[in-house]
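What follows is the content of input28.tsv (TSV, C-alpha atoms).
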```tsv
chain	number	residue	atom	x	y	z
A	13	MET	CA	48.53	-8.59	-40.83
A	14	THR	CA	46.41	-8.43	-37.80
A	15	ALA	CA	42.95	-9.77	-37.26
A	16	PRO	CA	40.79	-6.79	-36.41
A	17	PRO	CA	37.96	-7.47	-34.00
A	18	ILE	CA	34.99	-8.68	-35.95
A	19	PRO	CA	31.74	-7.67	-34.30
A	20	ASP	CA	30.05	-10.80	-33.04
A	21	ARG	CA	26.70	-9.97	-34.53
A	22	ALA	CA	25.17	-13.28	-33.62
A	23	ALA	CA	25.52	-12.23	-29.98
A	24	ASP	CA	24.63	-8.56	-30.41
A	25	GLN	CA	21.53	-8.74	-32.53
A	26	PRO	CA	18.64	-11.12	-33.01
A	27	PRO	CA	19.34	-13.40	-35.96
A	28	SER	CA	17.68	-12.43	-39.20
A	29	PRO	CA	17.09	-15.06	-41.88
A	30	SER	CA	18.83	-13.18	-44.71
A	31	PRO	CA	21.69	-10.88	-43.73
A	32	SER	CA	21.94	-8.12	-46.29
A	33	ARG	CA	24.63	-8.69	-48.87
A	34	SER	CA	25.69	-5.05	-48.84
A	35	ARG	CA	26.33	-5.29	-45.11
A	36	VAL	CA	28.63	-8.28	-45.63
A	37	VAL	CA	30.43	-6.51	-48.47
A	38	ARG	CA	30.88	-3.36	-46.36
A	39	ASP	CA	32.36	-5.28	-43.41
A	40	ALA	CA	34.61	-7.30	-45.70
A	41	LEU	CA	35.87	-4.20	-47.53
A	42	GLY	CA	36.51	-2.44	-44.21
A	43	VAL	CA	38.83	-5.23	-43.11
A	44	GLY	CA	40.39	-5.71	-46.54
A	45	VAL	CA	41.20	-2.04	-47.02
A	46	ALA	CA	42.46	-1.35	-43.48
A	47	VAL	CA	44.75	-4.36	-43.37
A	48	GLY	CA	45.65	-4.19	-47.06
A	49	LEU	CA	47.12	-0.73	-46.51
A	50	SER	CA	49.62	-2.13	-44.00
A	51	GLY	CA	51.38	-3.81	-46.89
A	52	PHE	CA	53.09	-0.44	-47.08
A	53	ALA	CA	54.77	-1.14	-43.72
A	54	PHE	CA	55.85	-4.52	-45.05
A	55	GLY	CA	57.32	-3.05	-48.24
A	56	VAL	CA	59.33	-0.51	-46.25
A	57	THR	CA	60.50	-3.09	-43.70
A	58	SER	CA	61.42	-5.56	-46.40
A	59	ALA	CA	63.46	-2.99	-48.33
A	60	GLY	CA	65.10	-1.91	-45.06
A	61	ALA	CA	66.14	-5.52	-44.47
A	62	GLY	CA	67.96	-5.47	-47.79
A	63	LEU	CA	65.48	-7.25	-50.08
A	64	THR	CA	65.02	-5.99	-53.63
A	65	VAL	CA	61.68	-4.64	-54.85
A	66	ALA	CA	61.12	-7.87	-56.83
A	67	GLN	CA	61.83	-10.01	-53.75
A	68	SER	CA	59.49	-7.97	-51.56
A	69	CYS	CA	56.72	-8.21	-54.14
A	70	ALA	CA	57.30	-11.94	-54.66
A	71	LEU	CA	56.80	-12.46	-50.92
A	72	SER	CA	53.49	-10.60	-50.87
A	73	LEU	CA	52.24	-12.35	-54.02
A	74	LEU	CA	53.33	-15.88	-53.14
A	75	VAL	CA	53.49	-16.09	-49.33
A	76	PHE	CA	50.61	-13.69	-48.54
A	77	THR	CA	50.47	-14.16	-44.80
A	78	GLY	CA	51.74	-11.06	-43.04
A	79	ALA	CA	53.42	-12.33	-39.89
A	80	SER	CA	55.41	-14.92	-41.87
A	81	GLN	CA	56.53	-12.27	-44.34
A	82	PHE	CA	57.71	-9.89	-41.62
A	83	ALA	CA	59.45	-12.74	-39.79
A	84	LEU	CA	61.25	-13.88	-42.92
A	85	VAL	CA	62.60	-10.47	-43.90
A	86	SER	CA	63.70	-9.69	-40.35
A	87	ALA	CA	65.59	-12.99	-40.08
A	88	LEU	CA	67.20	-12.41	-43.49
A	89	GLY	CA	68.03	-8.82	-42.59
A	90	ALA	CA	69.80	-10.03	-39.43
A	91	GLY	CA	71.95	-12.31	-41.60
A	92	GLY	CA	70.19	-15.52	-40.67
A	93	ASN	CA	70.53	-18.82	-42.50
A	94	PRO	CA	67.84	-18.90	-45.25
A	95	LEU	CA	66.41	-22.23	-44.14
A	96	ALA	CA	66.25	-21.20	-40.47
A	97	ALA	CA	64.55	-17.98	-41.58
A	98	ALA	CA	62.08	-19.96	-43.70
A	99	ALA	CA	61.40	-22.35	-40.80
A	100	GLY	CA	60.40	-19.47	-38.50
A	101	ALA	CA	58.12	-18.05	-41.19
A	102	PHE	CA	56.63	-21.48	-41.86
A	103	PHE	CA	55.78	-22.13	-38.21
A	104	LEU	CA	54.00	-18.77	-38.06
A	105	GLY	CA	52.04	-19.66	-41.21
A	106	ALA	CA	51.04	-23.09	-39.92
A	107	ARG	CA	48.05	-21.60	-38.09
A	108	ASN	CA	46.41	-21.02	-41.48
A	109	ALA	CA	45.88	-24.80	-41.75
A	110	PHE	CA	43.47	-24.54	-38.82
A	111	TYR	CA	41.61	-21.65	-40.42
A	112	GLY	CA	41.35	-23.78	-43.57
A	113	LEU	CA	39.85	-26.63	-41.56
A	114	ARG	CA	37.12	-24.42	-40.16
A	115	LEU	CA	36.49	-22.74	-43.51
A	116	SER	CA	36.25	-25.92	-45.56
A	117	GLY	CA	33.12	-27.06	-43.72
A	118	LEU	CA	31.63	-23.58	-43.84
A	119	LEU	CA	32.36	-22.64	-47.46
A	120	ARG	CA	32.15	-26.15	-49.06
A	121	LEU	CA	34.26	-25.03	-51.99
A	122	PRO	CA	34.29	-27.10	-55.19
A	123	ALA	CA	37.55	-29.02	-55.62
A	124	ALA	CA	38.51	-26.91	-58.64
A	125	VAL	CA	38.30	-23.64	-56.68
A	126	ARG	CA	40.12	-24.90	-53.60
A	127	PRO	CA	43.72	-24.42	-54.86
A	128	LEU	CA	42.94	-20.79	-55.72
A	129	ALA	CA	40.98	-20.04	-52.56
A	130	ALA	CA	43.75	-21.56	-50.43
A	131	GLN	CA	46.05	-18.59	-51.02
A	132	TRP	CA	43.48	-16.32	-49.33
A	133	VAL	CA	43.14	-18.45	-46.19
A	134	ILE	CA	44.58	-16.04	-43.59
A	135	ASP	CA	43.61	-14.38	-40.28
A	136	GLU	CA	41.38	-11.69	-41.78
A	137	THR	CA	39.45	-13.67	-44.39
A	138	SER	CA	38.78	-16.37	-41.80
A	139	ALA	CA	37.62	-13.85	-39.21
A	140	VAL	CA	35.17	-12.27	-41.66
A	141	ALA	CA	33.88	-15.56	-43.10
A	142	LEU	CA	33.44	-17.20	-39.69
A	143	ALA	CA	31.47	-14.19	-38.43
A	144	GLN	CA	28.73	-14.77	-41.03
A	145	ARG	CA	25.60	-16.74	-40.31
A	146	ASP	CA	25.08	-18.71	-43.52
A	147	ARG	CA	27.12	-20.21	-46.34
A	148	ALA	CA	26.26	-17.59	-48.97
A	149	ALA	CA	27.26	-14.73	-46.68
A	150	ALA	CA	30.43	-16.56	-45.59
A	151	ARG	CA	31.43	-17.16	-49.22
A	152	LEU	CA	30.76	-13.52	-50.07
A	153	GLY	CA	32.67	-12.26	-47.02
A	154	PHE	CA	35.61	-14.55	-47.74
A	155	THR	CA	35.79	-13.54	-51.40
A	156	VAL	CA	35.44	-9.79	-50.90
A	157	THR	CA	37.93	-9.72	-48.01
A	158	GLY	CA	40.36	-11.94	-49.89
A	159	ALA	CA	40.19	-9.99	-53.16
A	160	SER	CA	40.43	-6.52	-51.63
A	161	LEU	CA	43.18	-7.49	-49.19
A	162	TYR	CA	45.22	-9.37	-51.79
A	163	ALA	CA	45.03	-6.51	-54.29
A	164	LEU	CA	45.85	-3.76	-51.79
A	165	TRP	CA	48.48	-5.71	-49.85
A	166	ASN	CA	50.42	-6.33	-53.05
A	167	LEU	CA	50.00	-2.79	-54.35
A	168	THR	CA	51.11	-1.19	-51.08
A	169	THR	CA	54.03	-3.65	-50.78
A	170	LEU	CA	55.27	-2.37	-54.14
A	171	LEU	CA	54.79	1.28	-53.11
A	172	GLY	CA	56.48	0.70	-49.74
A	173	ALA	CA	59.45	-1.09	-51.30
A	174	LEU	CA	59.86	1.64	-53.94
A	175	GLY	CA	59.39	4.43	-51.41
A	176	ALA	CA	61.89	2.98	-48.96
A	177	SER	CA	64.77	3.10	-51.43
A	178	ALA	CA	64.03	6.80	-51.95
A	179	LEU	CA	64.24	7.39	-48.19
A	180	GLY	CA	67.85	6.28	-47.81
A	181	ASP	CA	68.98	4.95	-44.40
A	182	PRO	CA	65.85	3.37	-42.83
A	183	ALA	CA	67.25	3.70	-39.29
A	184	ALA	CA	67.43	7.50	-39.57
A	185	TRP	CA	63.65	7.49	-40.08
A	186	GLY	CA	63.06	5.07	-37.23
A	187	LEU	CA	61.88	2.42	-39.67
A	188	ASP	CA	63.88	-0.31	-37.91
A	189	ALA	CA	61.29	0.07	-35.12
A	190	ALA	CA	58.45	-0.79	-37.52
A	191	GLY	CA	59.25	-4.53	-37.44
A	192	PRO	CA	58.96	-5.06	-33.66
A	193	ALA	CA	55.89	-2.80	-33.55
A	194	VAL	CA	54.22	-4.96	-36.19
A	195	PHE	CA	54.92	-8.11	-34.20
A	196	LEU	CA	53.61	-6.48	-31.03
A	197	ALA	CA	50.43	-5.36	-32.81
A	198	LEU	CA	49.90	-8.88	-34.19
A	199	LEU	CA	50.62	-10.45	-30.82
A	200	ALA	CA	48.38	-8.27	-28.64
A	201	PRO	CA	44.96	-9.66	-29.69
A	202	MET	CA	46.23	-13.25	-29.27
A	203	VAL	CA	47.35	-12.86	-25.63
A	204	LYS	CA	44.11	-13.36	-23.74
A	205	GLY	CA	44.70	-15.64	-20.75
A	206	ARG	CA	47.29	-16.76	-18.27
A	207	THR	CA	48.66	-19.53	-20.47
A	208	GLU	CA	49.10	-17.12	-23.38
A	209	ARG	CA	50.90	-14.58	-21.18
A	210	ALA	CA	53.19	-17.29	-19.79
A	211	VAL	CA	54.05	-18.47	-23.31
A	212	ALA	CA	54.85	-14.92	-24.44
A	213	ALA	CA	57.02	-14.21	-21.38
A	214	LEU	CA	58.96	-17.47	-21.62
A	215	ALA	CA	59.47	-16.97	-25.36
A	216	VAL	CA	60.96	-13.50	-24.75
A	217	LEU	CA	63.33	-14.92	-22.11
A	218	LEU	CA	64.43	-17.81	-24.34
A	219	ALA	CA	64.93	-15.49	-27.32
A	220	LEU	CA	66.98	-12.91	-25.40
A	221	ALA	CA	69.05	-15.64	-23.71
A	222	GLY	CA	69.77	-17.15	-27.10
A	223	LEU	CA	70.57	-13.84	-28.79
A	224	PRO	CA	74.25	-13.61	-27.70
A	225	LEU	CA	74.81	-17.38	-27.97
A	226	LEU	CA	73.11	-18.65	-31.12
A	227	PRO	CA	73.40	-17.78	-34.84
A	228	ALA	CA	70.83	-15.33	-36.24
A	229	GLY	CA	67.44	-16.90	-36.95
A	230	VAL	CA	67.91	-19.70	-34.40
A	231	PRO	CA	66.84	-17.92	-31.16
A	232	VAL	CA	63.30	-17.48	-32.50
A	233	LEU	CA	63.05	-21.21	-33.21
A	234	VAL	CA	64.28	-22.02	-29.69
A	235	ALA	CA	61.70	-19.57	-28.33
A	236	ALA	CA	58.93	-21.51	-30.11
A	237	LEU	CA	59.58	-24.25	-27.53
A	238	ALA	CA	57.89	-21.95	-24.99
A	239	ALA	CA	54.51	-23.14	-26.36
A	240	PRO	CA	54.92	-26.91	-25.65
A	241	LEU	CA	56.84	-26.18	-22.42
A	242	VAL	CA	54.09	-23.99	-20.95
A	243	LEU	CA	51.39	-26.35	-22.17
A	244	ALA	CA	53.14	-29.32	-20.56
A	245	GLY	CA	53.69	-27.29	-17.38
A	246	SER	CA	50.05	-26.21	-17.13
A	247	ARG	CA	48.83	-29.78	-17.73
A	248	TRP	CA	51.16	-31.05	-15.04
A	249	THR	CA	50.03	-28.46	-12.46
A	250	ARG	CA	46.39	-29.02	-13.46
A	251	ARG	CA	46.78	-32.73	-12.78
A	252	GLY	CA	48.32	-31.83	-9.39
A	253	THR	CA	45.30	-29.70	-8.49
A	254	ALA	CA	42.60	-31.70	-10.24
A	255	ALA	CA	40.34	-31.11	-7.24
A	256	ALA	CA	40.48	-27.33	-7.76
A	257	GLY	CA	37.14	-25.60	-8.17
A	258	PRO	CA	35.75	-24.73	-11.59
A	259	GLU	CA	36.49	-21.02	-11.07
A	260	GLN	CA	40.19	-21.64	-10.55
A	261	ARG	CA	40.30	-23.99	-13.49
A	262	GLU	CA	38.61	-21.33	-15.61
A	263	ALA	CA	41.17	-18.73	-14.51
A	264	ARG	CA	43.95	-21.09	-15.47
A	265	ARG	CA	42.49	-21.79	-18.91
B	13	MET	CA	75.53	-18.84	-52.20
B	14	SER	CA	75.31	-15.12	-52.95
B	15	PRO	CA	73.07	-13.07	-50.64
B	16	ASP	CA	70.61	-12.69	-53.49
B	17	ALA	CA	70.40	-16.46	-54.08
B	18	ARG	CA	70.03	-17.06	-50.31
B	19	THR	CA	67.10	-14.64	-50.22
B	20	TRP	CA	65.40	-16.26	-53.22
B	21	THR	CA	65.90	-19.70	-51.65
B	22	ALA	CA	64.24	-18.51	-48.44
B	23	ILE	CA	61.37	-16.91	-50.40
B	24	THR	CA	60.76	-20.07	-52.45
B	25	VAL	CA	60.82	-22.40	-49.44
B	26	THR	CA	58.56	-20.09	-47.38
B	27	ALA	CA	56.08	-19.61	-50.23
B	28	ALA	CA	55.85	-23.35	-50.89
B	29	GLY	CA	55.49	-24.20	-47.19
B	30	CYS	CA	52.94	-21.50	-46.41
B	31	TYR	CA	50.82	-22.36	-49.45
B	32	ALA	CA	50.97	-26.07	-48.61
B	33	VAL	CA	49.59	-25.57	-45.08
B	34	LYS	CA	46.79	-23.34	-46.37
B	35	LEU	CA	45.76	-25.94	-48.95
B	36	LEU	CA	46.18	-28.76	-46.41
B	37	GLY	CA	43.69	-27.11	-44.07
B	38	LEU	CA	41.09	-26.75	-46.82
B	39	SER	CA	41.61	-30.30	-48.08
B	40	VAL	CA	42.08	-32.76	-45.21
B	41	PRO	CA	39.15	-34.37	-43.41
B	42	ALA	CA	38.36	-32.28	-40.36
B	43	GLY	CA	39.01	-34.99	-37.74
B	44	LEU	CA	42.70	-35.25	-38.57
B	45	LEU	CA	43.88	-31.95	-37.11
B	46	GLU	CA	40.98	-31.39	-34.76
B	47	ARG	CA	42.64	-33.01	-31.73
B	48	PRO	CA	42.51	-30.58	-28.77
B	49	LEU	CA	46.25	-30.74	-28.05
B	50	VAL	CA	47.12	-29.98	-31.68
B	51	LYS	CA	44.69	-27.04	-31.76
B	52	ARG	CA	46.03	-25.67	-28.48
B	53	LEU	CA	49.62	-25.83	-29.71
B	54	ALA	CA	48.64	-24.26	-33.01
B	55	ALA	CA	47.23	-21.29	-31.09
B	56	LEU	CA	50.21	-20.98	-28.75
B	57	VAL	CA	53.14	-21.37	-31.16
B	58	PRO	CA	52.40	-18.10	-33.02
B	59	ILE	CA	52.28	-16.32	-29.63
B	60	ALA	CA	55.73	-17.65	-28.74
B	61	LEU	CA	57.14	-16.73	-32.14
B	62	LEU	CA	55.66	-13.21	-32.22
B	63	ALA	CA	56.77	-12.44	-28.64
B	64	ALA	CA	60.28	-13.66	-29.45
B	65	LEU	CA	60.40	-11.68	-32.68
B	66	THR	CA	59.27	-8.52	-30.90
B	67	ALA	CA	62.09	-8.85	-28.36
B	68	LEU	CA	64.72	-9.86	-30.91
B	69	GLN	CA	63.86	-7.01	-33.26
B	70	THR	CA	63.94	-4.48	-30.43
B	71	PHE	CA	67.17	-5.52	-28.74
B	72	GLY	CA	69.08	-7.40	-31.44
B	73	THR	CA	71.54	-6.04	-33.99
B	74	ASP	CA	73.42	-7.71	-36.82
B	75	LYS	CA	76.15	-8.50	-34.27
B	76	PRO	CA	75.79	-11.02	-31.41
B	77	GLY	CA	74.58	-9.66	-28.06
B	78	PHE	CA	71.85	-7.19	-27.28
B	79	THR	CA	71.64	-3.43	-27.40
B	80	VAL	CA	69.21	-0.97	-25.88
B	81	ASP	CA	68.73	1.99	-28.21
B	82	ALA	CA	65.98	4.27	-29.51
B	83	ARG	CA	64.01	1.23	-30.77
B	84	ALA	CA	63.18	0.31	-27.15
B	85	ALA	CA	61.49	3.70	-26.68
B	86	GLY	CA	59.70	3.23	-29.99
B	87	LEU	CA	58.40	-0.16	-28.85
B	88	ALA	CA	57.24	1.34	-25.55
B	89	ALA	CA	55.25	3.90	-27.56
B	90	ALA	CA	53.77	1.10	-29.66
B	91	TRP	CA	52.81	-0.73	-26.47
B	92	VAL	CA	50.94	2.33	-25.21
B	93	ALA	CA	49.16	2.55	-28.58
B	94	VAL	CA	48.19	-1.13	-28.31
B	95	LEU	CA	46.82	-0.56	-24.79
B	96	LEU	CA	44.77	2.36	-26.15
B	97	ARG	CA	43.41	-0.02	-28.85
B	98	ALA	CA	44.85	2.10	-31.63
B	99	PRO	CA	44.55	0.78	-35.21
B	100	PHE	CA	47.38	-1.32	-36.63
B	101	LEU	CA	49.01	1.46	-38.65
B	102	VAL	CA	48.86	3.91	-35.73
B	103	VAL	CA	50.74	1.40	-33.54
B	104	ILE	CA	53.50	1.17	-36.12
B	105	ALA	CA	53.56	4.91	-36.72
B	106	ALA	CA	53.96	5.53	-32.97
B	107	ALA	CA	57.03	3.26	-32.85
B	108	VAL	CA	58.58	4.79	-35.96
B	109	LEU	CA	57.97	8.43	-34.96
B	110	VAL	CA	59.26	8.03	-31.38
B	111	THR	CA	62.35	6.14	-32.56
B	112	ALA	CA	63.12	8.69	-35.26
B	113	GLY	CA	62.43	11.60	-32.94
B	114	LEU	CA	64.71	10.26	-30.21
B	115	ARG	CA	67.49	9.60	-32.72
B	116	ALA	CA	67.18	13.08	-34.15
B	117	LEU	CA	67.36	14.61	-30.67
B	118	SER	CA	70.04	12.48	-29.06
B	119	GLY	CA	71.72	10.34	-31.69
B	120	VAL	CA	71.21	7.15	-29.62
```
Could you express the structure from this file as structure tokens?
Amino acid sequence: MTAPPIPDRAADQPPSPSPSRSRVVRDALGVGVAVGLSGFAFGVTSAGAGLTVAQSCALSLLVFTGASQFALVSALGAGGNPLAAAAGAFFLGARNAFYGLRLSGLLRLPAAVRPLAAQWVIDETSAVALAQRDRAAARLGFTVTGASLYALWNLTTLLGALGASALGDPAAWGLDAAGPAVFLALLAPMVKGRTERAVAALAVLLALAGLPLLPAGVPVLVAALAAPLVLAGSRWTRRGTAAAGPEQREARR
Amino acid sequence: MSPDARTWTAITVTAAGCYAVKLLGLSVPAGLLERPLVKRLAALVPIALLAALTALQTFGTDKPGFTVDARAAGLAAAWVAVLLRAPFLVVIAAAVLVTAGLRALSGV
């Protein structure tokens, strides 16, 4: 699932005291429906990786965080160890903890609702909720995005998984290219600065170097080291050029 | 373990782990995870994983070593779609159609 750009209305328009509820609902549904439909791509990819319809649906119902789901089925499809595959999926899902942190202060959910709401804490619901100006609008945006996305994502997963088995060999239809395209589409909005580009490039090098040497599912975990390595490297060079002007430091991010 | 049991194990572990981090974020006091280094790493690790997965899925097969086949052309098409700011499903469709088309034409 990708986080579509949420219009930063606070910057575009003068603030109004009560944003219209229908406007919030419309934005939330737009995101929920557009991203929810891509569950179809997940269902097809999952079936192509050899998972049963029940397994594909269980992933969408219980994991419900797109990048982790795609990562898990691709690692399993490549014959990876189940725990290594789960580790890669888990590390991708760990970012949701940080969305939860930002949302908890904004939504102030009652303790009884929290365990239910937690399952909806993902890129899209966070993006919509955080774009709202007050608590009522944020709660509404979170709920409408979460409900529409959860319902559609699971429905289209089922349809994709059922449809894929009717298609036969997924490679003949080019469906083995859907997985990497999904990852690329998820990655693109995250790569904004020099540090991000360096992390992505180093991760690709580490992964491809590990591909002929390491068991399936392990190269991606090795590639995750690109993040601390680049961060350590940029801190070290920043310390070396601490006298650099603010512009250069800005460019380095 | 049978392949089916392996898959269910992976699904169970992933579901439990992913739900736990979501609930953790909603439940812990904000200061605990709000350290700048932790936040920076949390933003960069998904980038590393997604970049690696893109490369592995494009050039990997179920055998060791890497292969360049029609998927690479499909990914190039997806890249163009990303640069043109195409919607998510259009990016995927571009990759799938180019890959399938090239295979139909050449059998790569």
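Of the listed residues (A:Ser246, A:Thr137, A:Ser116, A:Thr64), A:Thr137 comes nearest to Tyr162 of chain A; the distances count all atoms listed in the file.
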Open item on the list: Could you tell me which residues of chain A sit within 7 Å of chain B when counting all atoms listed in the file, and give me the result as a VMD selection string?
Closed with: chain A and resid 50 71 74 to 75 90 to 91 94 to 95 97 to 98 101 to 102 104 to 113 115 to 116 127 130 to 131 133 184 to 187 189 to 197 199 202 208 211 to 212 215 to 216 219 to 220 223 to 224 232 235 to 236 238 to 240
One decimal place gives the atom CA of Gly175 of chain A-atom CA of Ser14 of chain B separation as 25.3 Å
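For the pair atom CA of Val65 of chain A and atom CA of Ala200 of chain A, the interatomic distance is 29.6 Å.
Taking atom CA of Arg147 of chain A as the reference point, atom CA of Ala124 of chain A is found at 18.1 Å.
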| message | If we count all atoms listed in the file and set the cut-off at 9 Å, which residues sit around Leu119 of chain A, ignoring sequence neighbours fewer than 5 positions away in its own chain? Please answer as an MDAnalysis selection string. | response | chainID A and resid 114 141 147:148 150:151 154
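Among the candidates A:Gly42, A:Gly89, A:Gly55, A:Gly245, the one nearest to Val140 of chain A when counting only C-alpha atoms is A:Gly42.
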(request) Just give me the residues with any atom within 7 Å of (40.4, -14.6, -48.7), file coordinates, counting only C-alpha atoms, written as a list in words. (result) Ala129, Trp132, Val133, Ile134, Thr137, Phe154, Thr155, Thr157, Gly158 and Ala159 of chain A
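Minimum atom-to-atom distances from A:Ala176, A:Val125, A:Val234, A:Val242 to Gly100 of chain A were compared using all atoms listed in the file, and the lowest value belongs to A:Val234.
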Enclose the full set of atoms of segment 154-157 of chain A listed in the file within a box whose edges lie along x, y and z, apply 6 Å of padding to each of the six sides, and report centre and edge lengths in Å to one decimal as JSON.
```
{"center_x": 36.7, "center_y": -12.1, "center_z": -49.6, "size_x": 14.5, "size_y": 16.8, "size_z": 15.7}
```
In the coordinates of the file, take the point (53.7, -4.0, -50.6) and a cut-off of 10 Å; then, counting all atoms listed in the file, name each qualifying protein, DNA or RNA residue as an mmCIF file with C-alpha atoms, in the frame of the given file.
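What landed in part04.cif:
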```cif
data_model
loop_
_atom_site.group_PDB
_atom_site.id
_atom_site.type_symbol
_atom_site.label_atom_id
_atom_site.label_comp_id
_atom_site.auth_asym_id
_atom_site.auth_seq_id
_atom_site.Cartn_x
_atom_site.Cartn_y
_atom_site.Cartn_z
ATOM 1 C CA GLY A 48 45.650 -4.190 -47.060
ATOM 2 C CA LEU A 49 47.120 -0.730 -46.510
ATOM 3 C CA SER A 50 49.620 -2.130 -44.000
ATOM 4 C CA GLY A 51 51.380 -3.810 -46.890
ATOM 5 C CA PHE A 52 53.090 -0.440 -47.080
ATOM 6 C CA ALA A 53 54.770 -1.140 -43.720
ATOM 7 C CA PHE A 54 55.850 -4.520 -45.050
ATOM 8 C CA GLY A 55 57.320 -3.050 -48.240
ATOM 9 C CA VAL A 56 59.330 -0.510 -46.250
ATOM 10 C CA THR A 57 60.500 -3.090 -43.700
ATOM 11 C CA SER A 58 61.420 -5.560 -46.400
ATOM 12 C CA VAL A 65 61.680 -4.640 -54.850
ATOM 13 C CA SER A 68 59.490 -7.970 -51.560
ATOM 14 C CA CYS A 69 56.720 -8.210 -54.140
ATOM 15 C CA ALA A 70 57.300 -11.940 -54.660
ATOM 16 C CA LEU A 71 56.800 -12.460 -50.920
ATOM 17 C CA SER A 72 53.490 -10.600 -50.870
ATOM 18 C CA LEU A 73 52.240 -12.350 -54.020
ATOM 19 C CA ALA A 163 45.030 -6.510 -54.290
ATOM 20 C CA LEU A 164 45.850 -3.760 -51.790
ATOM 21 C CA TRP A 165 48.480 -5.710 -49.850
ATOM 22 C CA ASN A 166 50.420 -6.330 -53.050
ATOM 23 C CA LEU A 167 50.000 -2.790 -54.350
ATOM 24 C CA THR A 168 51.110 -1.190 -51.080
ATOM 25 C CA THR A 169 54.030 -3.650 -50.780
ATOM 26 C CA LEU A 170 55.270 -2.370 -54.140
ATOM 27 C CA LEU A 171 54.790 1.280 -53.110
ATOM 28 C CA GLY A 172 56.480 0.700 -49.740
ATOM 29 C CA ALA A 173 59.450 -1.090 -51.300
ATOM 30 C CA LEU A 174 59.860 1.640 -53.940
#
```
Would you list the contacts of Val37 of chain A as a ChimeraX atom specification, taking every protein, DNA or RNA residue within 8 Å and counting only C-alpha atoms, but skipping same-chain residues closer than 6 positions in sequence?
-> /A:152-153,156
